[in-house]
Amino acid sequence: MSFKKTYVAPFSRKSAPFSTDVLYWKKLSAPILLKEVNLIDYVDISPIEPHFIAVTCSSRVQLYHPITRMIHKNYNRFKEAAFGGVFRKDGRLLLAGSEESALKLFDVSSKNLLRVFKGHQRAVHRCQFFPTDNHIVSFSDDKIVAQWDMPSEALIHRFEGHTDYVRCGATLESNPSLIISGSYDHTVRLWDKRGQKEMFCVDHGSPVEAVLPSPTGSLLFTAGGTEIRVWDCLAGGRLLSKISQHHKTITCLCFASNNKCLASASIDRHVKIYEMTNFEVIQTIDYSSPILSLGISPGDKTVAVGMSDGIIAVSRMEEKLNETEQESQEVVSSTKRKKSKLFSDFVLTDFGISEEGTTHDLKYDHYLRKFRYSKALDCVMSDVFHYRLPGTAVALFQELIRRDGLIIALAGRKGKQLSKILHFVIRHIRRPRFMRILIQVAHTLVDLYATKIGEDKVIDDLFIHLIEQVTNEVAYMTDLMEVKGSLEMILVGCQLSPKSGEEQYAPQSMEGSSANLSSNKLEPSESAKQAVVVSIRPIHIKADRA
Amino acid sequence: MVYQATRDLESRKSKYIIEKLSWRILASTHAVAVGCSGELMAAIQADSVCMVNTKTKVTRWHKSGTRIFTCVACHPHEWVVATGDDSGRILLWRNFLEEKSPPKTVFHWHSLPVADLCFTTDGTRLLSGGSECCLVRWDISDALDKKILPRMGLPIRHVSVSYSNDLAAVSHADNCINLVDGANNILRTLQNITQCYIPESPLDENVTSTSLGGGSVFQAGLHLDPNTKSLFMNGKPGHLQSYSLREDKHLHTLDITQQNYVTADRRRAIPNADVTHIAFSEKGRWLATIESLIEKTKYYELRLKFWKFDQTKQVFILNTCINWPHENGIVNLKIQPIDDKDPSLTAATSGRDKSFKTFSVVYDTSVHGKSDWWTCDNVGTYRDQTTGPLAFSQDGSVLAVSFEHTLTLWKVENYELTGTLSHSKLQEDIRLIEFSTHPTSHLVVCCTKKNLVIWDVIALSLVWTVPFEADSIAVDRMSNLVAIFSTKGHLYFFKPETPEPLAIHNNVSRSKIVSSLFVPTMSRYELRGPKSMLIFINSSQELCVLLSRESSDSAEVGTKLKIQKGTSTLTPFAKLIAEKTVSSVGSSRQLLQGTVIGIPGSKVIREIMDASPHTMPSVSFFCNQLLSAISVELKESEQMDQVVTSLQQSEKFRFLKQSDADDTESDSDSDNEFVPRKFGQRLMKMGITVAQVSKPVSSKASETVNFEVDLDEVANDVSWIEAISVPK
């Protein structure tokens, strides 16, 4: 029976297991970079196959093929910079705004300029098609949101109300008569083109860079500054949530995974993907430069990112194709193996006697086999084990304890030999995974060398240091126990109090607020004021009824 | 203690020497040796050795200090004697008959007492072994030239060399023999059931209840491996052994601790880590083990390991190792009896740190492929009370954990405490818990130190209780039969819904029952339905099998009536079986309506031939009848007719005249004293009044049986219990 090596327990690093979402996004291939001349203003992906990527950059809109990444077409009928080229739902028309304050409509396949919409005073940065009728909407720097009729190039209505540049906007799939616009005046406004009036206005708190309504129209995401805000459209623009994961201005928002995820891009060079249920980040993708625009094709097959240094990064979701490739490779290699075996049958003429491989023993195991415990311990007291592999040294200590050889190994040491062991114990005794063993080692050391205190100054100092470490650890543990105790009390309190029943909570909150008020006179906050208004209303109604 | 010497000497017919050796010779096979072609004899006694020339009758005594001799060997053809002593020193004596202080060569490598010495047949080498588990091969001419074969397993007890001199057999303390060739290679290992307890020295015959690992004998108990249908139990320290009941064969050993066996020191025995608990999942995909290294109640190591069965390699592979799942040791370990692949599979441990923990599998798919491991899910406590054993219900939905005298019920899916069961009169700690099986799976069998209590989990009430001191419980998974062993070694069978015992066997074991288990018999006859046999192991390391009467031949149903009617045309063996069957009718409640196919007599013989020996009654028991059964000339057609008609009659008989059958049965049974007693008529009032009773069983619940009353009347019938004692 062979000698079983000393088992060094591996300790895994604490890491949460990957969720399926993370794994899904890990399948994105490394991006392929395409260089453009100027910063990429807007990226839009065609809703129909093969999902061309429309990149608006300097004075043209270019169409890239998502797989070959070659330029498929380009539309350069602009005198000045073009902005925000978008596809219609059927992918046949392309509309882009421009610095020259006109909107231009192209036929995607023939590259023909079909219409030019003139009427804005200043540059038009974003424009949108309406999902059902032949109308379009434009968002301009002259603070106006305009609705146009496509066939007649006629301006139907000008929605006025914004007090600064309107730099983003959207139309709603579920309700084709609504327009959402976001402006640098911090507000996002919802317009109804039927009554040609403003439905509501919400304050984002910083210049709005992107708006994105959910497909059902119930939620509205607005991005500006470092925040994404989520609004409830049905409740008249109630703020639901604030997502603050970027540390620089967010420039773009879009949906991914068939509207199950939200993606945001920012100047901080990250694209973040959020879970829609709890708005938690499930994946962060890093890029080389500040991101200005982002497009994700249906089914997440292509992710295109436009950056400020004129680079477009196109990543593709790797598909199962690879697996079949691997399989075919395996088949190839196995046939090769078979062949080589065949050949080896011919070649093999005489018998080979394989030398019995003796597994290489580690040095300390070698000494353990010889029952030379002291030597074995010396082996693991080198710097390598001190700093890099303390687990191995502790495993040896454990083995020595098991073999009842700890006293033998530790006894009769002097000077440097002893100080090394003491150093090791002092260094690692506070680590929870070694504590159990090293406490025993420390006990044995104290038992063995207590009588020799005073003989060597260095050793004495080390023992004092050990005592300090232990006292510190005890104090630390006491603190932790106190925290644990107080936490448990809170948890028990939570369990005891009824789950629903706000009356019970009310006095507590009242006490808390009164304490606050007494200490420093605070004005009620904005939200508090709103809350008061909301709570008063039903009382009025009741009074009316009474 | 001169048996060995006298026996040896008697064979040599030298009465003269026997009288001279009236002092005490060591009672060991190693104490006397004969060599030099039979001319030389040597014996040892404490610190002196006696050499005798058997031809000239010259006897010499020699002493060697104060060391105690442990073994002696004589050279095959020279006048040389080797002795080993308790300090591990080997002395080679020469010229001992002539000189007063003869020349001695010292061979000292062993640090522990030398267990056995053996010369090779050519006389050039000397083999020695001891508790170091090493075989040392000495060159007689050179004390420094030795070859050592290390780590042979467990302490060596005996060493012997073949006549051809090419093989040495080394016997170990764990019932294992290694065959070693001249180049110190182990050629083969002969191994049967491994002994769990190893005495300190070969002379120590007193079996105590502690094993070398420090725990009690077979402390992990008996378990059935669902993969191989073999029995799993403790083997060598730190190992589990698998033993096939069907073939009576040791199948394999599983190294659980994966540590080197630490041999004893000169100063003291060093404990080795050993397996204390095992649990299998339902289909055998997972095995959970707990190993601990204990010395004087202090725990040095404690590990919970999960093993996954590899279908291709057909072995268990270590999956997860959890250090220190509980402080101060573990009381019990169980795995939820649900499908293995269910992602909610849970394992539960109860520890001595007043808590119980549940573990579950984490399935992970990562870039590196699929993996799974076990992780702690939940820790449960109850009022800072000490945790006792725990059990899962049959469907795995409820976990019952005992805390001192309280039984707590937890819903497994969300670890919600659903109920607590305790009674003001039952204030003793719960020691054993088992859930009953279908159709009474809502009942829990609990044993405290002095009481047996049955709780109803659904109604949360006490069903019944009796004063009973139990060692071990086993629940049959095929029926809801429960077997319980009392501390006095009696075995009772009962169904949990009623306090009436179905059968009682007295004194089934001479020592404490360590563990018991119902094992499904692998009957080849599907018609006979699932049956179980009871297996138990006691602290004297005897593995016993209690067979159900129903595992006899199917002809029994038909032949029974014949005997009762006085016709005896069947073979004597069939008659014998019929007699036995009649006596067991009372205990076997559900008789099966088997159809008889083929010739009963030949089937009997075939079944006897096919069955493994330990599942059979002793040969002497049925030898005569069997032989005469074979010798009787059978007229086959006639035989068949008889069986068929008797079968039909018996069916009618059973269904129409049940009461009649009971009468005749007791009549014909007057000589056989094994009669299951009807305790229903002798129900006695017990001191405990039951507070909450919800079911109509209340009439029984308020009353109880005192088992002790009738123990003298109920005679024992252990003829069917065959003890397979582990050879030492």
# chains A, B, ... in the order shown; residues from 1 in each chain; ligands from 1

call {"tool": "residues_around", "arguments": {"residues": "Arg158 of chain A", "least_positions_apart": "3", "cutoff": "7 Å", "atoms": "only C-alpha atoms", "output": "tab-separated table (two decimals) with all heavy atoms, in the first residue's frame"}}
result
chain	number	residue	atom	x	y	z
A	144	ILE	N	-38.17	72.75	-30.06
A	144	ILE	CA	-39.48	72.39	-30.58
A	144	ILE	C	-39.51	70.93	-30.99
A	144	ILE	O	-38.54	70.39	-31.54
A	144	ILE	CB	-39.85	73.30	-31.77
A	144	ILE	CG1	-40.25	74.67	-31.22
A	144	ILE	CG2	-40.96	72.70	-32.63
A	144	ILE	CD1	-40.35	75.70	-32.26
A	145	VAL	N	-40.62	70.29	-30.68
A	145	VAL	CA	-40.89	68.94	-31.16
A	145	VAL	C	-41.90	69.09	-32.27
A	145	VAL	O	-42.97	69.68	-32.06
A	145	VAL	CB	-41.45	68.06	-30.03
A	145	VAL	CG1	-41.80	66.69	-30.56
A	145	VAL	CG2	-40.46	67.98	-28.88
A	146	ALA	N	-41.56	68.61	-33.46
A	146	ALA	CA	-42.44	68.85	-34.60
A	146	ALA	C	-42.97	67.55	-35.17
A	146	ALA	O	-42.24	66.56	-35.22
A	146	ALA	CB	-41.70	69.62	-35.67
A	147	GLN	N	-44.24	67.59	-35.61
A	147	GLN	CA	-44.84	66.42	-36.23
A	147	GLN	C	-45.05	66.72	-37.70
A	147	GLN	O	-45.55	67.79	-38.07
A	147	GLN	CB	-46.17	66.13	-35.53
A	147	GLN	CG	-46.87	64.90	-36.07
A	147	GLN	CD	-48.33	64.88	-35.65
A	147	GLN	OE1	-48.76	65.70	-34.84
A	147	GLN	NE2	-49.07	63.95	-36.22

call {"tool": "residues_around", "arguments": {"residues": "Gln385 of chain B", "least_positions_apart": "2", "cutoff": "12 Å", "atoms": "only C-alpha atoms", "output": "tab-separated table (two decimals) with C-alpha atoms, in the first residue's frame"}}
result
chain	number	residue	atom	x	y	z
B	350	SER	CA	-27.79	17.02	14.06
B	351	GLY	CA	-24.83	18.03	16.15
B	352	ARG	CA	-23.90	18.29	19.76
B	353	ASP	CA	-23.79	22.09	19.43
B	354	LYS	CA	-27.55	22.31	20.00
B	355	SER	CA	-28.37	22.75	16.35
B	356	PHE	CA	-29.19	20.79	13.27
B	380	GLY	CA	-32.06	25.14	13.05
B	381	THR	CA	-32.23	25.42	16.81
B	382	TYR	CA	-34.97	24.97	19.33
B	383	ARG	CA	-34.95	26.78	22.67
B	387	THR	CA	-30.16	18.07	19.71
B	388	GLY	CA	-30.91	14.38	19.47
B	401	VAL	CA	-35.62	16.48	14.93
B	402	SER	CA	-35.53	15.61	18.58
B	403	PHE	CA	-34.45	18.19	21.12
B	404	GLU	CA	-34.03	16.53	24.51
B	405	HIS	CA	-37.53	15.18	25.22
B	406	THR	CA	-39.27	17.23	22.54
B	407	LEU	CA	-39.83	16.10	19.01
B	408	THR	CA	-39.92	19.00	16.57
B	429	ASP	CA	-34.18	12.46	26.12

call {"tool": "interface_residues", "arguments": {"of": "chain A", "to": "chain B", "cutoff": "12 Å", "atoms": "only C-alpha atoms", "output": "PyMOL selection string"}}
result
chain A and resi 1-12+16-24+26-27+365+368-371+398-405+433-434+436-437+440

call {"tool": "residues_around", "arguments": {"residues": "Ile148 of chain B", "least_positions_apart": "3", "cutoff": "8 Å", "atoms": "only C-alpha atoms", "output": "list in words"}}
result
Cys134, Leu135, Val136, Arg137 and Asn184 of chain B

call {"tool": "write_last_selection", "arguments": {"atoms": "all heavy atoms", "output": "PDB file, in the first residue's frame"}}
result
ATOM      1  N   CYS B 134       4.549  -3.670   9.351  1.00  0.00           N
ATOM      2  CA  CYS B 134       5.634  -3.875   8.398  1.00  0.00           C
ATOM      3  C   CYS B 134       6.114  -5.315   8.489  1.00  0.00           C
ATOM      4  O   CYS B 134       6.224  -5.872   9.587  1.00  0.00           O
ATOM      5  CB  CYS B 134       6.809  -2.953   8.708  1.00  0.00           C
ATOM      6  SG  CYS B 134       6.410  -1.227   8.651  1.00  0.00           S
ATOM      7  N   LEU B 135       6.419  -5.885   7.356  1.00  0.00           N
ATOM      8  CA  LEU B 135       7.031  -7.211   7.336  1.00  0.00           C
ATOM      9  C   LEU B 135       8.531  -6.987   7.141  1.00  0.00           C
ATOM     10  O   LEU B 135       8.950  -6.365   6.171  1.00  0.00           O
ATOM     11  CB  LEU B 135       6.464  -8.045   6.189  1.00  0.00           C
ATOM     12  CG  LEU B 135       7.056  -9.435   6.036  1.00  0.00           C
ATOM     13  CD1 LEU B 135       6.615 -10.324   7.177  1.00  0.00           C
ATOM     14  CD2 LEU B 135       6.663 -10.051   4.705  1.00  0.00           C
ATOM     15  N   VAL B 136       9.329  -7.512   8.091  1.00  0.00           N
ATOM     16  CA  VAL B 136      10.777  -7.321   8.015  1.00  0.00           C
ATOM     17  C   VAL B 136      11.413  -8.661   7.649  1.00  0.00           C
ATOM     18  O   VAL B 136      11.103  -9.697   8.222  1.00  0.00           O
ATOM     19  CB  VAL B 136      11.333  -6.808   9.359  1.00  0.00           C
ATOM     20  CG1 VAL B 136      12.785  -6.407   9.198  1.00  0.00           C
ATOM     21  CG2 VAL B 136      10.516  -5.638   9.858  1.00  0.00           C
ATOM     22  N   ARG B 137      12.293  -8.622   6.676  1.00  0.00           N
ATOM     23  CA  ARG B 137      12.970  -9.818   6.185  1.00  0.00           C
ATOM     24  C   ARG B 137      14.459  -9.667   6.546  1.00  0.00           C
ATOM     25  O   ARG B 137      15.160  -8.832   5.987  1.00  0.00           O
ATOM     26  CB  ARG B 137      12.786  -9.880   4.667  1.00  0.00           C
ATOM     27  CG  ARG B 137      12.958 -11.221   4.043  1.00  0.00           C
ATOM     28  CD  ARG B 137      12.706 -11.083   2.561  1.00  0.00           C
ATOM     29  NE  ARG B 137      11.293 -11.004   2.228  1.00  0.00           N
ATOM     30  CZ  ARG B 137      10.566 -12.059   1.864  1.00  0.00           C
ATOM     31  NH1 ARG B 137      11.111 -13.240   1.773  1.00  0.00           N
ATOM     32  NH2 ARG B 137       9.305 -11.914   1.556  1.00  0.00           N
ATOM     33  N   ASN B 184       9.345  -9.070  -1.887  1.00  0.00           N
ATOM     34  CA  ASN B 184       8.524  -8.157  -1.089  1.00  0.00           C
ATOM     35  C   ASN B 184       7.416  -7.466  -1.879  1.00  0.00           C
ATOM     36  O   ASN B 184       7.146  -6.290  -1.680  1.00  0.00           O
ATOM     37  CB  ASN B 184       9.414  -7.097  -0.422  1.00  0.00           C
ATOM     38  CG  ASN B 184       9.774  -7.519   0.992  1.00  0.00           C
ATOM     39  OD1 ASN B 184       9.406  -8.622   1.414  1.00  0.00           O
ATOM     40  ND2 ASN B 184      10.488  -6.667   1.690  1.00  0.00           N
TER      41      ASN B 184
END

call {"tool": "residues_around", "arguments": {"residues": "Thr448 of chain B", "least_positions_apart": "6", "cutoff": "10 Å", "atoms": "only C-alpha atoms", "output": "list in words"}}
result
Glu404, His405, Leu426, Gln427, Glu428, Asp429, Ile430, Arg431, Leu432, Ile433, Pro467, Phe468, Glu469 and Ala470 of chain B

call {"tool": "select_by_dssp", "arguments": {"residues": "segment 113-354 of chain A", "states": "strand (DSSP E)", "output": "PyMOL selection string"}}
result
chain A and resi 113-118+124-129+135-140+144-149+155-160+166-171+178-183+187-192+197-203+208-213+219-224+227-232+238-243+250-256+261-266+270-275+281-286+291-296+302-307+311-316

call {"tool": "write_last_selection", "arguments": {"atoms": "C-alpha atoms", "output": "compact mmCIF listing (two decimals), in the first residue's frame"}}
result
# COMPACT_ATOMS: atom_id res chain seq x y z
CA LEU A 113 -33.32 60.80 -51.01
CA LEU A 114 -37.10 60.71 -50.91
CA ARG A 115 -38.11 63.68 -48.84
CA VAL A 116 -36.60 66.67 -47.09
CA PHE A 117 -38.48 68.20 -44.21
CA LYS A 118 -37.62 71.84 -43.65
CA VAL A 124 -32.30 68.31 -35.52
CA HIS A 125 -30.57 65.69 -33.44
CA ARG A 126 -33.19 63.00 -33.19
CA CYS A 127 -36.23 61.97 -35.18
CA GLN A 128 -38.65 59.08 -35.15
CA PHE A 129 -41.27 57.39 -37.30
CA HIS A 135 -46.16 60.70 -39.81
CA ILE A 136 -42.77 61.44 -38.37
CA VAL A 137 -41.62 63.44 -35.39
CA SER A 138 -38.47 65.45 -35.00
CA PHE A 139 -36.69 66.77 -31.92
CA SER A 140 -34.75 69.89 -32.53
CA ILE A 144 -39.48 72.39 -30.58
CA VAL A 145 -40.89 68.94 -31.16
CA ALA A 146 -42.44 68.85 -34.60
CA GLN A 147 -44.84 66.42 -36.23
CA TRP A 148 -44.65 66.01 -40.00
CA ASP A 149 -46.63 64.32 -42.67
CA LEU A 155 -45.48 70.31 -40.88
CA ILE A 156 -48.56 69.23 -38.99
CA HIS A 157 -47.90 70.58 -35.52
CA ARG A 158 -45.21 72.13 -33.39
CA PHE A 159 -45.21 71.08 -29.79
CA GLU A 160 -43.81 73.93 -27.77
CA VAL A 166 -34.55 68.68 -27.23
CA ARG A 167 -31.99 65.98 -27.71
CA CYS A 168 -34.00 62.77 -27.46
CA GLY A 169 -37.44 61.42 -28.04
CA ALA A 170 -39.51 58.40 -28.78
CA THR A 171 -42.81 57.19 -30.08
CA LEU A 178 -48.08 59.63 -28.12
CA ILE A 179 -44.73 61.34 -28.36
CA ILE A 180 -42.13 61.45 -25.64
CA SER A 181 -39.42 64.03 -25.70
CA GLY A 182 -36.51 64.66 -23.41
CA SER A 183 -34.69 67.92 -23.21
CA THR A 187 -37.78 67.68 -18.29
CA VAL A 188 -39.35 64.83 -20.15
CA ARG A 189 -42.69 65.59 -21.69
CA LEU A 190 -45.40 63.35 -23.02
CA TRP A 191 -47.41 64.80 -25.90
CA ASP A 192 -50.58 63.58 -27.50
CA LYS A 197 -51.25 68.99 -26.09
CA GLU A 198 -48.92 67.98 -23.32
CA MET A 199 -50.08 65.07 -21.19
CA PHE A 200 -47.53 65.30 -18.41
CA CYS A 201 -44.11 66.53 -17.66
CA VAL A 202 -41.59 64.96 -15.32
CA ASP A 203 -38.38 66.40 -14.00
CA VAL A 208 -31.96 64.23 -20.49
CA GLU A 209 -29.84 62.30 -22.97
CA ALA A 210 -32.11 59.38 -23.75
CA VAL A 211 -35.70 58.30 -23.24
CA LEU A 212 -37.04 54.81 -23.71
CA PRO A 213 -40.66 53.79 -23.15
CA LEU A 219 -42.95 52.37 -17.92
CA LEU A 220 -40.70 55.13 -19.10
CA PHE A 221 -36.93 55.10 -18.69
CA THR A 222 -35.10 58.36 -18.90
CA ALA A 223 -31.34 58.75 -18.79
CA GLY A 224 -29.41 61.86 -17.98
CA GLU A 227 -28.86 58.27 -13.42
CA ILE A 228 -31.59 56.31 -15.08
CA ARG A 229 -35.03 57.09 -13.74
CA VAL A 230 -37.99 54.84 -14.10
CA TRP A 231 -41.41 56.48 -14.34
CA ASP A 232 -44.85 54.99 -14.22
CA ARG A 238 -44.83 58.72 -10.78
CA LEU A 239 -41.17 58.08 -10.08
CA LEU A 240 -40.69 54.35 -9.53
CA SER A 241 -37.00 53.91 -9.24
CA LYS A 242 -33.61 55.45 -9.79
CA ILE A 243 -30.80 53.37 -11.19
CA ILE A 250 -25.39 58.01 -19.60
CA THR A 251 -25.79 58.56 -23.31
CA CYS A 252 -27.98 55.79 -24.58
CA LEU A 253 -30.67 53.34 -23.56
CA CYS A 254 -32.12 50.31 -25.31
CA PHE A 255 -33.79 47.00 -24.69
CA ALA A 256 -32.16 43.62 -25.03
CA CYS A 261 -33.33 43.37 -20.17
CA LEU A 262 -32.44 47.03 -20.23
CA ALA A 263 -29.07 48.16 -21.53
CA SER A 264 -27.43 51.49 -20.92
CA ALA A 265 -24.26 52.98 -22.34
CA SER A 266 -22.24 55.76 -20.82
CA HIS A 270 -19.28 50.73 -19.93
CA VAL A 271 -22.38 49.12 -21.27
CA LYS A 272 -24.49 47.77 -18.44
CA ILE A 273 -27.29 45.30 -18.74
CA TYR A 274 -30.02 45.30 -16.12
CA GLU A 275 -32.59 42.81 -15.06
CA VAL A 281 -26.90 44.87 -13.12
CA ILE A 282 -26.40 41.40 -14.55
CA GLN A 283 -23.56 42.19 -16.87
CA THR A 284 -21.09 44.95 -17.55
CA ILE A 285 -19.26 45.14 -20.85
CA ASP A 286 -16.16 47.30 -21.07
CA ILE A 291 -19.71 55.39 -25.66
CA LEU A 292 -22.14 57.69 -27.41
CA SER A 293 -24.56 55.23 -28.96
CA LEU A 294 -25.65 51.65 -28.62
CA GLY A 295 -27.71 49.30 -30.72
CA ILE A 296 -28.79 45.75 -29.97
CA THR A 302 -25.47 41.79 -32.67
CA VAL A 303 -24.39 44.45 -30.23
CA ALA A 304 -23.07 47.58 -31.93
CA VAL A 305 -21.49 50.37 -29.95
CA GLY A 306 -20.45 53.73 -31.32
CA MET A 307 -17.72 55.58 -29.50
CA ILE A 311 -14.78 53.50 -33.53
CA ILE A 312 -17.73 51.16 -33.93
CA ALA A 313 -17.44 47.95 -31.95
CA VAL A 314 -19.61 45.13 -33.25
CA SER A 315 -19.94 41.98 -31.13
CA ARG A 316 -21.93 38.93 -32.15

call {"tool": "atom_distance", "arguments": {"atom1": "atom CA of Phe435 of chain B", "atom2": "atom CA of Gly419 of chain B"}}
result
15.5 Å

call {"tool": "residues_around", "arguments": {"residues": "Ser162 of chain B", "least_positions_apart": "6", "cutoff": "9 Å", "atoms": "only C-alpha atoms", "output": "ChimeraX atom specification"}}
result
/B:120-121,168-169

call {"tool": "write_last_selection", "arguments": {"atoms": "N, CA, C and O atoms", "output": "CSV table (one decimal), in the first residue's frame"}}
result
chain,number,residue,atom,x,y,z
B,120,THR,N,12.6,-18.8,6.9
B,120,THR,CA,12.3,-19.3,5.6
B,120,THR,C,12.8,-20.8,5.6
B,120,THR,O,13.6,-21.2,6.4
B,121,THR,N,12.3,-21.6,4.7
B,121,THR,CA,12.5,-23.0,4.7
B,121,THR,C,14.0,-23.3,4.4
B,121,THR,O,14.5,-24.3,4.8
B,168,ALA,N,5.2,-15.9,1.3
B,168,ALA,CA,5.0,-15.7,2.7
B,168,ALA,C,3.6,-15.3,2.9
B,168,ALA,O,3.1,-14.4,2.2
B,169,ALA,N,2.9,-15.9,3.9
B,169,ALA,CA,1.6,-15.4,4.2
B,169,ALA,C,1.6,-14.6,5.5
B,169,ALA,O,2.2,-15.0,6.5

call {"tool": "atom_distance", "arguments": {"atom1": "atom CA of Pro207 of chain A", "atom2": "atom CA of Lys35 of chain A"}}
result
29.2 Å

call {"tool": "decode", "arguments": {"residues": "segment 3-8 of chain A", "atoms": "all heavy atoms", "output": "short mmCIF file (atom, residue, chain, number, x, y, z; two decimals), in the first residue's frame"}}
result
data_model
loop_
_atom_site.label_atom_id
_atom_site.label_comp_id
_atom_site.auth_asym_id
_atom_site.auth_seq_id
_atom_site.Cartn_x
_atom_site.Cartn_y
_atom_site.Cartn_z
N PHE A 3 2.05 5.18 0.28
CA PHE A 3 1.92 6.24 1.27
C PHE A 3 0.93 7.27 0.77
O PHE A 3 1.02 7.73 -0.36
CB PHE A 3 3.29 6.86 1.49
CG PHE A 3 3.32 7.93 2.53
CD1 PHE A 3 3.40 7.59 3.87
CD2 PHE A 3 3.30 9.26 2.19
CE1 PHE A 3 3.44 8.56 4.84
CE2 PHE A 3 3.34 10.24 3.15
CZ PHE A 3 3.41 9.89 4.48
N LYS A 4 -0.02 7.61 1.60
CA LYS A 4 -0.97 8.64 1.19
C LYS A 4 -0.42 10.00 1.57
O LYS A 4 -0.03 10.22 2.71
CB LYS A 4 -2.31 8.41 1.89
CG LYS A 4 -2.98 7.14 1.45
CD LYS A 4 -4.12 6.79 2.37
CE LYS A 4 -4.53 5.35 2.18
NZ LYS A 4 -5.33 4.87 3.30
N LYS A 5 -0.38 10.87 0.61
CA LYS A 5 0.23 12.17 0.85
C LYS A 5 -0.58 12.99 1.84
O LYS A 5 -1.80 12.82 1.95
CB LYS A 5 0.34 12.94 -0.47
CG LYS A 5 1.44 12.41 -1.33
CD LYS A 5 1.56 13.20 -2.61
CE LYS A 5 2.67 12.63 -3.44
NZ LYS A 5 2.67 13.20 -4.78
N THR A 6 0.10 13.89 2.49
CA THR A 6 -0.58 14.78 3.42
C THR A 6 -1.58 15.63 2.64
O THR A 6 -1.24 16.23 1.63
CB THR A 6 0.43 15.70 4.12
OG1 THR A 6 1.47 14.89 4.63
CG2 THR A 6 -0.22 16.47 5.24
N TYR A 7 -2.77 15.63 3.13
CA TYR A 7 -3.83 16.32 2.41
C TYR A 7 -3.87 17.79 2.78
O TYR A 7 -4.04 18.14 3.94
CB TYR A 7 -5.16 15.65 2.73
CG TYR A 7 -6.34 16.32 2.08
CD1 TYR A 7 -6.52 16.26 0.70
CD2 TYR A 7 -7.27 17.02 2.84
CE1 TYR A 7 -7.60 16.87 0.10
CE2 TYR A 7 -8.34 17.63 2.25
CZ TYR A 7 -8.50 17.56 0.89
OH TYR A 7 -9.56 18.17 0.29
N VAL A 8 -3.66 18.62 1.82
CA VAL A 8 -3.76 20.06 2.04
C VAL A 8 -5.12 20.50 1.55
O VAL A 8 -5.42 20.41 0.37
CB VAL A 8 -2.66 20.82 1.28
CG1 VAL A 8 -2.76 22.30 1.57
CG2 VAL A 8 -1.30 20.29 1.67
#
